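Single-structure report; data block below.
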Amino acid sequence: MNVKYFNSYESMSYFAASKLIRRIREIKQPVLGLATGSTPLGLYQELVSQHNKGVVSFENVITFNLDEYVGLGDSHAKSYKTYMRQHLIDKVDFNPKSFHIPNGQAIDLEKECNRYESLLLEKGPIDVQVLGLGHNGHIGFNEPGTPFKTKTHVVELDITTREANSRYFSSVSEVPKRSITMGIKSILRSDEILLLVSGEGKASALDKLLSHEISKEFPASALHRHDAVTVLVDQSSL
Ligand SMILES: N[C@@H]1[C@@H](O)[C@H](O)[C@@H](COP(=O)(O)O)O[C@@H]1O
C-alpha cells in the first residue's frame, strides 16, 4: 500500500484526476469504478475541467458505481445516480449506456445484485477503482463485519453511516436504511485502487488502516490484500 500526503484537497483531487486521465488515455476502453460522497467531488470537478479544456474524452470510458440506496433512483434528488449525473456524467462527452450503477428501485433486489455482479465480470476487470473511506472504515457501503468474500449485495446501513450521510437529506429518518453495494471481493478484483481520504474525523480511520491490522470489523483493511492500492490523503482536512 502506497500512501501519498497532500497539503490541500485541491492538490489531492488534481493528483487523482491526473492518474485517471493517464489511464483513460492509455487504455482503449477503460473501465473505471466510481465512488460518491463528498470526497471525490473535487476529482470529478477536475475531470470536467480537463474535459472542457480538451485534455480528455470520456467517449470510450465505461463506469461502474460502487453503490446505490435501496428505494432511490432516477427521479430522486439524493440518489447516487442523480449525484453522478450532476457531477460528472451529464457534464462530459460520456455515452450514458456506459454508465452503470445498481438499480435501487429494482423489485427483486437479489436479482439486481446478481445482474450487477455479472455485468462487472463481463465488462471488467475495473482498471482503476476510486474509493472513499467511511468513518467506520467502510468502503462502498460494506459495513464493519462484512466478510471479505462478498460480491454485490444488499446492506443494512449502520446508524452511524446514516447519520453521517444525513447531511444530504433533511433528516436522518429520510436516509434509506438499506443499499446495494459492490462487495469487497468485487472491489478487490480491480487492477488498481485509489483510496481518497479527506474530511473531518477521518484521522482515526486512517490510523487504523495504516496499522496494517486486517479484520472484517474494519472493511478497508481488506485493501492490504491487494497489491496496487494508493492511498491519497488530504492532510489539511483531517
Ligand atoms: N457509500 C459512501 C462511500 O462510497 C463513501 O466513500 C463514504 C465516505 O463519504 P464521504 O466522502 O462523504 O466522507 O461514505 C458513503 O457512505
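Ligands are numbered from 1 in the order shown, residues from 1 within each chain, and chains are lettered A, B, ... in the order they appear in the C-alpha cells.
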Expected answer as number ranges by chain: alpha helix (DSSP H) residues in segment 52-129 of chain A | A: 52, 80-87, 109-123
Contact residues around segment 220-237 of chain A with only C-alpha atoms at 6 Å, ignoring same-chain residues under 5 positions, as a JSON list (two decimals) with C-alpha atoms, in the first residue's frame:
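result_24.json, freshly written:
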[["chain", "number", "residue", "atom", "x", "y", "z"],
["A", 1, "MET", "CA", 0.00, 0.00, 0.00],
["A", 2, "ASN", "CA", 1.46, 3.26, -1.17],
["A", 3, "VAL", "CA", 0.45, 6.38, 0.82],
["A", 4, "LYS", "CA", 0.72, 9.93, -0.51],
["A", 5, "TYR", "CA", 0.03, 13.02, 1.57],
["A", 6, "PHE", "CA", -1.26, 16.32, 0.18],
["A", 7, "ASN", "CA", -1.43, 19.79, 1.73],
["A", 8, "SER", "CA", -4.81, 20.59, 0.24],
["A", 9, "TYR", "CA", -7.99, 18.99, -1.03],
["A", 137, "GLY", "CA", -13.83, 2.02, 7.80],
["A", 139, "ILE", "CA", -15.65, 1.07, 1.57],
["A", 192, "GLU", "CA", -5.66, -0.73, -9.37],
["A", 193, "ILE", "CA", -7.32, 1.05, -6.44],
["A", 194, "LEU", "CA", -7.18, 4.70, -5.40],
["A", 195, "LEU", "CA", -8.45, 5.33, -1.89],
["A", 196, "LEU", "CA", -9.10, 9.01, -1.22],
["A", 197, "VAL", "CA", -9.13, 10.12, 2.40],
["A", 198, "SER", "CA", -10.47, 13.56, 3.20],
["A", 199, "GLY", "CA", -12.74, 15.07, 5.82],
["A", 200, "GLU", "CA", -13.02, 15.84, 9.47],
["A", 209, "LEU", "CA", -5.92, 1.41, 8.15],
["A", 214, "ILE", "CA", -6.55, -6.92, 8.85]]
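For the residues A:Gly104, A:Ala17, A:Glu122, A:Leu109, ranking by smallest atom-to-atom distance to Gly71 of chain A using only C-alpha atoms places A:Gly104 first.
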Per DSSP on the backbone, what are the strand (DSSP E or B) residues of segment 4-225 of chain A, as an NGL selection string?
-> :A and (4-6 or 31-34 or 62-65 or 67-69 or 99-100 or 128-132 or 139 or 142 or 153-156 or 178-181 or 192-197)
Output C-alpha atoms for every residue in the selection just made, as a PDB file, in the first residue's frame.
ATOM      1  CA  LYS A   4       0.716   9.931  -0.514  1.00  0.00           C
ATOM      2  CA  TYR A   5       0.031  13.016   1.569  1.00  0.00           C
ATOM      3  CA  PHE A   6      -1.255  16.323   0.178  1.00  0.00           C
ATOM      4  CA  VAL A  31     -13.272   0.715 -17.095  1.00  0.00           C
ATOM      5  CA  LEU A  32     -13.466   2.980 -14.062  1.00  0.00           C
ATOM      6  CA  GLY A  33     -15.006   2.208 -10.696  1.00  0.00           C
ATOM      7  CA  LEU A  34     -16.505   5.339  -9.162  1.00  0.00           C
ATOM      8  CA  ILE A  62     -17.143   2.536 -19.094  1.00  0.00           C
ATOM      9  CA  THR A  63     -18.002   3.223 -15.454  1.00  0.00           C
ATOM     10  CA  PHE A  64     -19.361   1.214 -12.553  1.00  0.00           C
ATOM     11  CA  ASN A  65     -20.517   2.933  -9.404  1.00  0.00           C
ATOM     12  CA  ASP A  67     -23.404   1.624  -4.579  1.00  0.00           C
ATOM     13  CA  GLU A  68     -26.952   2.993  -4.530  1.00  0.00           C
ATOM     14  CA  TYR A  69     -29.588   3.458  -1.845  1.00  0.00           C
ATOM     15  CA  PHE A  99     -22.575   4.344 -17.019  1.00  0.00           C
ATOM     16  CA  HIS A 100     -23.555   1.553 -14.625  1.00  0.00           C
ATOM     17  CA  VAL A 128      -8.976   1.868 -11.679  1.00  0.00           C
ATOM     18  CA  GLN A 129     -11.371   1.810  -8.738  1.00  0.00           C
ATOM     19  CA  VAL A 130     -11.862   5.065  -6.817  1.00  0.00           C
ATOM     20  CA  LEU A 131     -12.859   4.677  -3.171  1.00  0.00           C
ATOM     21  CA  GLY A 132     -13.658   6.968  -0.276  1.00  0.00           C
ATOM     22  CA  ILE A 139     -15.649   1.069   1.572  1.00  0.00           C
ATOM     23  CA  ASN A 142     -19.520  -2.538   3.060  1.00  0.00           C
ATOM     24  CA  HIS A 153     -25.171  -7.451  -2.074  1.00  0.00           C
ATOM     25  CA  VAL A 154     -27.888  -5.665  -0.105  1.00  0.00           C
ATOM     26  CA  VAL A 155     -26.703  -3.976   3.095  1.00  0.00           C
ATOM     27  CA  GLU A 156     -28.441  -2.773   6.239  1.00  0.00           C
ATOM     28  CA  ARG A 178     -30.549  -0.205   3.031  1.00  0.00           C
ATOM     29  CA  SER A 179     -28.355  -0.001  -0.020  1.00  0.00           C
ATOM     30  CA  ILE A 180     -26.936  -2.189  -2.754  1.00  0.00           C
ATOM     31  CA  THR A 181     -23.167  -2.197  -2.817  1.00  0.00           C
ATOM     32  CA  GLU A 192      -5.662  -0.728  -9.368  1.00  0.00           C
ATOM     33  CA  ILE A 193      -7.321   1.046  -6.438  1.00  0.00           C
ATOM     34  CA  LEU A 194      -7.175   4.700  -5.405  1.00  0.00           C
ATOM     35  CA  LEU A 195      -8.448   5.329  -1.886  1.00  0.00           C
ATOM     36  CA  LEU A 196      -9.104   9.014  -1.221  1.00  0.00           C
ATOM     37  CA  VAL A 197      -9.129  10.120   2.400  1.00  0.00           C
TER      38      VAL A 197
END
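Each residue with an atom within 7 Å of any atom of ligand 1 appears in the list, which was built counting only C-alpha atoms and all ligand atoms: Ala35, Thr36, Gly37, Ser38, Thr39, Pro40, Leu66, Asp67, Leu131, Gly132, Leu133, Gly134, His138, Ile139, Gly140, Phe141, Thr161, Asn165, Ser198 and Gly199 of chain A.
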Now that the selection is made, can you save its residues with C-alpha atoms as a PDB file, in the first residue's frame?
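What follows is the written file out23.pdb:
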ATOM      1  CA  ALA A  35     -17.497   6.447  -5.686  1.00  0.00           C
ATOM      2  CA  THR A  36     -19.880   9.070  -4.311  1.00  0.00           C
ATOM      3  CA  GLY A  37     -19.869  11.155  -1.123  1.00  0.00           C
ATOM      4  CA  SER A  38     -18.048  14.439  -0.518  1.00  0.00           C
ATOM      5  CA  THR A  39     -14.525  13.128  -1.020  1.00  0.00           C
ATOM      6  CA  PRO A  40     -14.468  12.605  -4.821  1.00  0.00           C
ATOM      7  CA  LEU A  66     -19.982   1.280  -6.077  1.00  0.00           C
ATOM      8  CA  ASP A  67     -23.404   1.624  -4.579  1.00  0.00           C
ATOM      9  CA  LEU A 131     -12.859   4.677  -3.171  1.00  0.00           C
ATOM     10  CA  GLY A 132     -13.658   6.968  -0.276  1.00  0.00           C
ATOM     11  CA  LEU A 133     -13.263   5.943   3.351  1.00  0.00           C
ATOM     12  CA  GLY A 134     -16.195   5.829   5.765  1.00  0.00           C
ATOM     13  CA  HIS A 138     -16.493   1.183   5.255  1.00  0.00           C
ATOM     14  CA  ILE A 139     -15.649   1.069   1.572  1.00  0.00           C
ATOM     15  CA  GLY A 140     -18.580   1.350  -0.808  1.00  0.00           C
ATOM     16  CA  PHE A 141     -21.313   0.516   1.675  1.00  0.00           C
ATOM     17  CA  THR A 161     -23.405   5.775   8.384  1.00  0.00           C
ATOM     18  CA  ASN A 165     -24.943  10.819   5.304  1.00  0.00           C
ATOM     19  CA  SER A 198     -10.472  13.558   3.201  1.00  0.00           C
ATOM     20  CA  GLY A 199     -12.737  15.072   5.823  1.00  0.00           C
TER      21      GLY A 199
END
Kindly give the distance, in Å, that separates atom CA of Glu10 of chain A and atom CA of His87 of chain A, rounded to a single decimal.
-> 16.0 Å
Set the distance at 12 Å and use only C-alpha atoms: which residues neighbour His51 of chain A once local chain neighbours fewer than 3 positions away are removed? I'd like the list as a PDB file with C-alpha atoms, in the first residue's frame.
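Okay, selection.pdb is ready:
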ATOM      1  CA  ALA A  17      -7.700  13.220 -11.738  1.00  0.00           C
ATOM      2  CA  SER A  18      -4.302  13.145 -13.460  1.00  0.00           C
ATOM      3  CA  ILE A  21      -6.739  10.722 -17.154  1.00  0.00           C
ATOM      4  CA  ILE A  24      -8.069   6.746 -19.781  1.00  0.00           C
ATOM      5  CA  TYR A  44     -14.966  14.987 -10.643  1.00  0.00           C
ATOM      6  CA  GLN A  45     -14.702  18.771 -10.887  1.00  0.00           C
ATOM      7  CA  GLU A  46     -11.134  18.414 -12.132  1.00  0.00           C
ATOM      8  CA  LEU A  47     -12.110  15.735 -14.670  1.00  0.00           C
ATOM      9  CA  VAL A  48     -14.857  18.006 -16.021  1.00  0.00           C
ATOM     10  CA  GLY A  54      -9.945  19.216 -24.461  1.00  0.00           C
ATOM     11  CA  VAL A  55      -7.436  17.199 -22.428  1.00  0.00           C
ATOM     12  CA  VAL A  56      -9.597  14.094 -22.014  1.00  0.00           C
ATOM     13  CA  SER A  57     -12.560  12.442 -23.689  1.00  0.00           C
ATOM     14  CA  PHE A  58     -14.918  10.031 -21.955  1.00  0.00           C
ATOM     15  CA  GLU A  59     -16.383   8.636 -25.183  1.00  0.00           C
ATOM     16  CA  LEU A  88     -19.780  14.028 -13.978  1.00  0.00           C
ATOM     17  CA  ILE A  89     -21.844  12.034 -16.427  1.00  0.00           C
ATOM     18  CA  LYS A  91     -21.081  17.264 -17.912  1.00  0.00           C
ATOM     19  CA  VAL A  92     -18.750  15.347 -20.223  1.00  0.00           C
ATOM     20  CA  ASP A  93     -18.977  13.515 -23.557  1.00  0.00           C
ATOM     21  CA  PHE A  94     -19.989  10.316 -21.854  1.00  0.00           C
TER      22      PHE A  94
END
Extract, using only C-alpha atoms, all DNA, RNA and protein residues at most 10 Å from Ser118 of chain A, discarding same-chain residues fewer than 6 positions from it, and format them as an MDAnalysis selection string.
-> chainID A and resid 112 124 152
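Residues in contact with Glu217 of chain A at 10 Å, where only C-alpha atoms are counted and same-chain residues fewer than 6 positions away are skipped, are listed as Asn136, Gly137, His138, Glu143, Pro144, Gly145, Thr146 and Pro147 of chain A.
Atom to atom, atom CA of Ser215 of chain A and atom CA of Asp127 of chain A stand 25.6 Å apart.
For the residues A:His212, A:Ala164, A:Ile126, A:Asp207, ranking by smallest atom-to-atom distance to Leu188 of chain A using only C-alpha atoms places A:Ile126 first.
The spacing separating atom CA of Pro30 of chain A from atom CA of Leu43 of chain A amounts to 17.2 Å.
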Within 7 Å of Lys185 of chain A, counting only C-alpha atoms, which residues qualify if same-chain residues fewer than 2 places away don't, as a list of chain:residue names?
-> A:Phe148, A:Lys149, A:Thr150, A:Lys151, A:Gly183, A:Ile187, A:Leu188, A:Arg189
Keeping N, CA and C atoms for every residue in the selection just given, could you write it to a file as an mmCIF file, in the first residue's frame?
data_model
loop_
_atom_site.group_PDB
_atom_site.id
_atom_site.type_symbol
_atom_site.label_atom_id
_atom_site.label_comp_id
_atom_site.auth_asym_id
_atom_site.auth_seq_id
_atom_site.Cartn_x
_atom_site.Cartn_y
_atom_site.Cartn_z
ATOM 1 N N PHE A 148 -14.909 -10.635 3.666
ATOM 2 C CA PHE A 148 -14.156 -10.143 2.501
ATOM 3 C C PHE A 148 -14.544 -10.847 1.203
ATOM 4 N N LYS A 149 -15.240 -11.981 1.323
ATOM 5 C CA LYS A 149 -15.581 -12.720 0.096
ATOM 6 C C LYS A 149 -16.890 -12.236 -0.546
ATOM 7 N N THR A 150 -17.510 -11.197 0.012
ATOM 8 C CA THR A 150 -18.816 -10.790 -0.500
ATOM 9 C C THR A 150 -18.730 -10.137 -1.874
ATOM 10 N N LYS A 151 -19.742 -10.476 -2.693
ATOM 11 C CA LYS A 151 -19.915 -9.832 -4.002
ATOM 12 C C LYS A 151 -21.010 -8.775 -3.830
ATOM 13 N N GLY A 183 -19.443 -5.732 -3.493
ATOM 14 C CA GLY A 183 -18.849 -6.351 -2.307
ATOM 15 C C GLY A 183 -17.346 -6.113 -2.259
ATOM 16 N N ILE A 187 -14.652 -5.399 -5.319
ATOM 17 C CA ILE A 187 -13.731 -4.258 -5.320
ATOM 18 C C ILE A 187 -12.289 -4.734 -5.518
ATOM 19 N N LEU A 188 -11.944 -5.815 -4.834
ATOM 20 C CA LEU A 188 -10.553 -6.298 -4.893
ATOM 21 C C LEU A 188 -10.181 -6.885 -6.255
ATOM 22 N N ARG A 189 -11.187 -7.140 -7.094
ATOM 23 C CA ARG A 189 -10.898 -7.654 -8.436
ATOM 24 C C ARG A 189 -10.297 -6.574 -9.356
#
